[in-house]
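Text of the file my_file30.txt, holding compact mmCIF, C-alpha atoms:
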```txt
# COMPACT_ATOMS: atom_id res chain seq x y z
CA MET A 1 -5.37 16.95 3.82
CA ALA A 2 -4.82 14.56 0.90
CA ARG A 3 -1.41 12.92 0.56
CA VAL A 4 0.44 13.89 -2.60
CA ARG A 5 3.60 12.40 -4.10
CA GLN A 6 5.49 12.89 -7.33
CA VAL A 7 5.44 10.01 -9.81
CA SER A 8 8.03 8.86 -12.31
CA GLY A 9 7.48 10.20 -15.79
CA GLY A 10 6.00 13.43 -14.44
CA GLY A 11 2.81 14.24 -12.65
CA LYS A 12 1.59 13.57 -9.14
CA ALA A 13 -0.38 10.92 -7.26
CA VAL A 14 -3.07 12.00 -4.81
CA GLU A 15 -4.67 9.73 -2.21
CA VAL A 16 -8.40 10.47 -2.07
CA GLU A 17 -10.80 8.97 0.48
CA PRO A 18 -13.82 7.23 -1.10
CA GLU A 19 -16.24 9.70 0.50
CA ARG A 20 -14.42 12.61 -1.15
CA LEU A 21 -13.85 11.03 -4.57
CA ALA A 22 -16.81 12.54 -6.46
CA GLY A 23 -16.08 16.02 -5.08
CA TRP A 24 -12.37 15.70 -5.90
CA PHE A 25 -13.15 14.98 -9.56
CA ASP A 26 -15.66 17.85 -9.68
CA ARG A 27 -12.90 20.21 -8.52
CA PHE A 28 -10.40 18.64 -10.95
CA ALA A 29 -12.78 19.34 -13.82
CA ALA A 30 -13.42 22.90 -12.67
CA ARG A 31 -9.68 23.64 -12.52
CA ASN A 32 -8.90 22.18 -15.94
CA GLY A 33 -11.51 23.40 -18.39
CA GLY A 34 -14.23 20.90 -17.58
CA ALA A 35 -14.37 17.14 -18.04
CA ALA A 36 -14.18 16.17 -21.70
CA SER A 37 -14.49 12.40 -21.34
CA THR A 38 -14.25 9.38 -19.05
CA ARG A 39 -12.94 5.97 -20.05
CA VAL A 40 -13.88 3.10 -17.73
CA THR A 41 -12.56 -0.47 -17.84
CA SER A 42 -12.59 -3.23 -15.26
CA THR A 43 -9.16 -2.18 -13.98
CA ARG A 44 -8.70 1.49 -14.86
CA VAL A 45 -10.61 4.77 -15.05
CA VAL A 46 -9.24 7.81 -16.90
CA VAL A 47 -10.84 11.24 -16.94
CA THR A 48 -9.56 13.68 -19.58
CA ALA A 49 -10.11 17.36 -18.90
CA GLY A 50 -10.84 20.06 -21.44
CA ASP A 51 -7.23 21.28 -21.35
CA GLY A 52 -5.85 17.77 -21.91
CA THR A 53 -4.92 17.04 -18.30
CA THR A 54 -5.72 13.47 -17.27
CA ALA A 55 -6.65 11.95 -13.90
CA ALA A 56 -6.18 8.18 -13.89
CA VAL A 57 -7.16 5.59 -11.30
CA ASP A 58 -6.04 1.97 -11.17
CA VAL A 59 -9.21 0.43 -9.76
CA PRO A 60 -8.60 -0.61 -6.15
CA PHE A 61 -9.46 -4.22 -5.37
CA PRO A 62 -10.43 -4.95 -8.99
CA PRO A 63 -12.36 -5.71 -11.02
CA LEU A 64 -14.83 -2.89 -11.49
CA GLU A 65 -17.91 -4.82 -12.56
CA THR A 66 -20.06 -2.13 -14.20
CA GLY A 67 -19.98 1.18 -16.07
CA HIS A 68 -17.41 0.17 -18.69
CA GLY A 69 -17.00 2.26 -21.84
CA ASP A 70 -16.21 5.77 -23.12
CA ARG A 71 -18.51 8.61 -22.16
CA GLU A 72 -18.60 12.37 -22.40
CA GLY A 73 -18.04 14.34 -19.20
CA LEU A 74 -17.68 12.71 -15.80
CA ALA A 75 -18.98 9.15 -15.50
CA LEU A 76 -17.73 7.99 -12.12
CA GLY A 77 -20.76 6.44 -10.47
CA ALA A 78 -19.47 2.88 -10.76
CA LEU A 79 -16.02 3.80 -9.41
CA VAL A 80 -17.43 5.78 -6.48
CA ASP A 81 -19.74 2.92 -5.51
CA HIS A 82 -16.91 0.38 -5.84
CA ALA A 83 -14.50 2.44 -3.75
CA GLY A 84 -17.06 2.90 -1.00
CA VAL A 85 -17.63 -0.82 -0.37
CA ARG A 86 -16.62 -1.92 3.14
CA ARG A 87 -13.89 -4.54 2.76
CA ARG A 88 -11.76 -6.86 4.86
CA ILE A 89 -8.18 -5.92 4.03
CA GLY A 90 -4.86 -7.38 5.12
CA LEU A 91 -2.05 -4.98 6.01
CA LEU A 92 1.65 -5.86 5.92
CA LEU A 93 4.10 -3.11 6.87
CA VAL A 94 7.80 -3.95 7.06
CA ARG A 95 10.97 -1.98 7.55
CA LEU A 96 14.30 -3.47 8.56
CA GLY A 97 13.98 -4.13 12.28
CA ALA A 98 10.26 -3.47 12.64
CA HIS A 99 6.98 -4.78 11.29
CA SER A 100 3.27 -4.43 11.85
CA VAL A 101 0.68 -6.83 10.48
CA GLY A 102 -3.08 -6.52 10.70
CA ILE A 103 -6.53 -7.07 9.33
CA ALA A 104 -8.85 -4.10 8.84
CA GLU A 105 -12.58 -4.06 8.35
CA GLY A 106 -13.26 -0.76 6.66
CA ALA A 107 -10.89 1.68 8.38
CA ASP A 108 -10.82 -0.26 11.68
CA VAL A 109 -8.01 -2.66 12.58
CA VAL A 110 -9.60 -5.76 14.13
CA ALA A 111 -6.50 -7.97 14.49
CA SER A 112 -2.84 -7.04 14.62
CA ARG A 113 0.67 -7.89 15.67
CA THR A 114 3.59 -5.45 15.88
CA ASP A 115 7.21 -6.08 16.84
CA ARG A 116 10.66 -4.53 16.73
CA HIS A 117 14.09 -6.16 16.52
CA LEU A 118 17.45 -4.52 16.96
CA VAL A 119 19.35 -4.12 13.68
CA HIS A 120 22.49 -2.01 14.00
CA GLY A 121 23.34 0.64 11.44
CA ARG A 122 26.39 0.38 9.23
CA SER A 123 29.83 0.68 10.81
CA ALA A 124 32.40 3.23 9.69
CA ALA A 125 35.25 1.02 10.91
CA GLY A 126 37.41 -0.94 8.50
CA GLY A 127 39.19 -4.30 8.36
CA TRP A 128 38.19 -7.31 10.45
CA SER A 129 36.06 -5.19 12.80
CA GLN A 130 33.91 -4.05 9.91
CA GLN A 131 33.51 -7.60 8.63
CA ARG A 132 32.49 -8.91 12.06
CA PHE A 133 30.04 -6.04 12.43
CA ALA A 134 28.57 -6.73 8.97
CA ARG A 135 28.07 -10.41 9.82
CA ARG A 136 26.34 -9.52 13.08
CA ARG A 137 24.15 -6.95 11.31
CA ASP A 138 23.20 -9.48 8.62
CA GLY A 139 22.24 -11.95 11.31
CA GLN A 140 20.08 -9.36 13.06
CA ALA A 141 18.39 -8.47 9.77
CA ARG A 142 17.63 -12.14 9.00
CA GLN A 143 16.16 -12.62 12.48
CA ALA A 144 13.97 -9.52 12.07
CA LEU A 145 12.67 -10.69 8.70
CA ARG A 146 11.98 -14.19 10.05
CA ALA A 147 9.92 -12.64 12.84
CA ALA A 148 8.02 -10.52 10.31
CA ALA A 149 7.33 -13.58 8.16
CA ASP A 150 6.15 -15.60 11.19
CA ASP A 151 3.72 -12.88 12.28
CA ALA A 152 2.47 -12.32 8.73
CA ALA A 153 1.84 -16.06 8.36
CA ASP A 154 -0.01 -16.22 11.69
CA VAL A 155 -2.19 -13.14 11.16
CA LEU A 156 -2.67 -13.07 7.38
CA GLY A 157 -1.74 -16.49 6.02
CA ALA A 158 -4.60 -18.40 7.60
CA ALA A 159 -7.07 -15.61 6.79
CA ALA A 160 -5.98 -14.98 3.18
CA SER A 161 -9.01 -16.71 1.67
CA GLU A 162 -11.30 -14.40 3.67
CA LEU A 163 -9.58 -11.15 2.62
CA ASP A 164 -10.64 -8.86 -0.22
CA GLY A 165 -7.01 -7.91 -0.75
CA VAL A 166 -3.73 -7.02 0.95
CA VAL A 167 -2.06 -3.61 1.10
CA LEU A 168 1.71 -3.45 1.60
CA GLY A 169 3.83 -0.73 3.12
CA GLY A 170 7.41 0.08 4.06
CA ASP A 171 10.64 -1.06 2.48
CA ARG A 172 10.32 -2.80 -0.89
CA ALA A 173 13.53 -4.79 -0.45
CA ALA A 174 12.31 -6.19 2.88
CA LEU A 175 8.92 -7.03 1.36
CA ASP A 176 10.63 -8.79 -1.54
CA GLU A 177 12.50 -10.96 0.96
CA LEU A 178 9.17 -12.03 2.46
CA ARG A 179 7.78 -12.97 -0.95
CA ASP A 180 10.08 -16.00 -0.98
CA ASP A 181 8.41 -17.49 2.10
CA PRO A 182 6.05 -20.27 0.90
CA ARG A 183 3.65 -19.55 3.77
CA LEU A 184 3.05 -16.06 2.40
CA ARG A 185 2.34 -16.92 -1.22
CA PRO A 186 -1.46 -16.64 -0.73
CA VAL A 187 -0.91 -13.25 0.92
CA PHE A 188 1.21 -11.78 -1.86
CA ALA A 189 -1.06 -13.32 -4.50
CA ILE A 190 -3.81 -10.87 -3.47
CA ALA A 191 -1.53 -7.93 -2.66
CA SER A 192 -1.91 -4.61 -4.44
CA SER A 193 1.05 -3.39 -6.49
CA ARG A 194 0.86 -0.15 -4.52
CA VAL A 195 3.30 0.08 -1.60
CA LEU A 196 2.52 2.67 1.05
CA ASP A 197 5.37 4.90 2.17
CA VAL A 198 5.18 4.58 5.96
CA ALA A 199 7.24 5.46 9.01
CA GLU A 200 8.76 2.75 11.20
CA PRO A 201 5.89 0.30 11.66
CA ARG A 202 4.06 0.46 14.98
CA ARG A 203 0.41 0.21 15.96
CA ALA A 204 -0.37 3.88 15.29
CA VAL A 205 1.20 3.58 11.83
CA LEU A 206 -0.88 0.45 11.18
CA ASP A 207 -4.07 2.33 12.10
CA GLU A 208 -3.14 5.10 9.66
CA ALA A 209 -2.35 2.52 6.96
CA ALA A 210 -5.82 1.02 7.42
CA ARG A 211 -7.36 4.39 6.64
CA ARG A 212 -5.02 4.94 3.69
CA ALA A 213 -5.73 1.45 2.32
CA ARG A 214 -9.29 2.57 1.57
CA ALA A 215 -8.13 5.63 -0.34
CA VAL A 216 -8.12 5.79 -4.13
CA GLU A 217 -4.85 6.91 -5.68
CA VAL A 218 -5.41 9.35 -8.56
CA VAL A 219 -2.48 10.08 -10.88
CA VAL A 220 -2.68 13.52 -12.49
CA ARG A 221 -0.64 14.35 -15.59
```

Go ahead and express the file in the form of structure tokens.
Amino acid sequence: MARVRQVSGGGKAVEVEPERLAGWFDRFAARNGGAASTRVTSTRVVVTAGDGTTAAVDVPFPPLETGHGDREGLALGALVDHAGVRRRIGLLLVRLGAHSVGIAEGADVVASRTDRHLVHGRSAAGGWSQQRFARRRDGQARQALRAAADDAADVLGAAASELDGVVLGGDRAALDELRDDPRLRPVFAIASSRVLDVAEPRRAVLDEAARRARAVEVVVR
């Protein structure tokens, strides 16, 4: 079953596997009065239905090399072919206290590293006890993020030039902390703006993220 989430400004985003992309758009057109037009650029594809509903795709791992222009009906051949290419993708999943890093070829993870570090939750106590607890928690959080940065540098940093792109997942604040690490600049330079919403990172979550990294996100409004 396709993953669906609500998007800001109204509408929904649907993750569609490359193999199902053409069929998904056929059903979209059938539900919305047919496909009136398709606009294709190197970075974006927008299909407008007969009733005015749009389905927009930010091209994954851009650019889209061919098929540019405005056409009547559905004109998705270039996007479908592009989405179906087997790629080597970096994966970086981080939540406070846990991370999983890997490289996927197609939907298969071929290298990975996963770790967890204890980070206590917030204390309800007050006064000096709360301050000591907060300092200890901050120290645990810094240690966890250092470990995530070290593993990301080991697994992804050296391989960045060989990757077609990087897909991120987890907590945006934690990921933003890692962006400041000079070792990871080549990794974030090729990272998608999309951030997968994932559970606490572990190997099974990384395997699922590898499959989701191939999916095309279609925003319907």

Edge lengths and centre in Å, axis-aligned, region 171-182 of chain A plus 6 Å each side, as AutoDock Vina command-line options:
```
--center_x 9.8 --center_y -10.7 --center_z 0.7 --size_x 19.5 --size_y 31.2 --size_z 16.4
```

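Counting from CA of Gly9 (chain A), the distance to CA of Thr54 (chain A) is 13.7 Å.
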
What's the 10 Å shell around region 168-178 of chain A, counting only C-alpha atoms, without same-chain residues fewer than 5 positions away, as number ranges by chain?
A: 90-101, 141-142, 144-146, 148-150, 152, 183-185, 188, 191-201, 206, 209, 213

Give me the residues near Leu74 (chain A) as a ChimeraX atom specification, where near means some atom within 7 Å (using all atoms listed in the file) and where sequence neighbours in that chain fewer than 4 positions away do not count.
/A:35,37-38

Once you count only C-alpha atoms, which residues end up no further than 12 Å from (-16.0, 10.4, 0.5) in the file's frame, shown as a PyMOL selection string?
chain A and resi 2+15-25+79-85+214-216

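One distance worth recording is that between CA of Ser8 (chain A) and CA of Ala75 (chain A), which is 27.2 Å.
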
In Å, rounded to a single decimal, give me how far CA of Leu156 (chain A) is from CA of Ala104 (chain A).
11.0 Å

Residue nearest Phe61 (chain A) among A:Asp207, A:Asp164, A:Glu105, A:Asp154 (counting all atoms listed in the file)
A:Asp164

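Ranking A:Gly67, A:Pro186, A:Gly102, A:Gly73 by their shortest atom-to-atom distance to Ala36 (chain A), with only C-alpha atoms included, puts A:Gly73 first.
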
Residues within 7 Å of Val57 (chain A), please, as number ranges by chain. Count only C-alpha atoms; anything in the same chain fewer than 4 positions from it doesn't count.
A: 44-46, 217-219

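Of the listed residues A:Ala13, A:Ile103, A:Val47, A:Ala158, the one whose atoms come nearest to Ile89 (chain A) is A:Ile103, with distances taken using all atoms listed in the file.
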
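Nearest residue to Val220 (chain A) among A:Thr41, A:Ser161, A:Thr53, A:Thr66 is A:Thr53, counting only C-alpha atoms.
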
Which is closer to Val110 (chain A) than all the others in A:Val205, A:Val40, A:Ala210, A:Ala55, using all atoms listed in the file?
A:Ala210
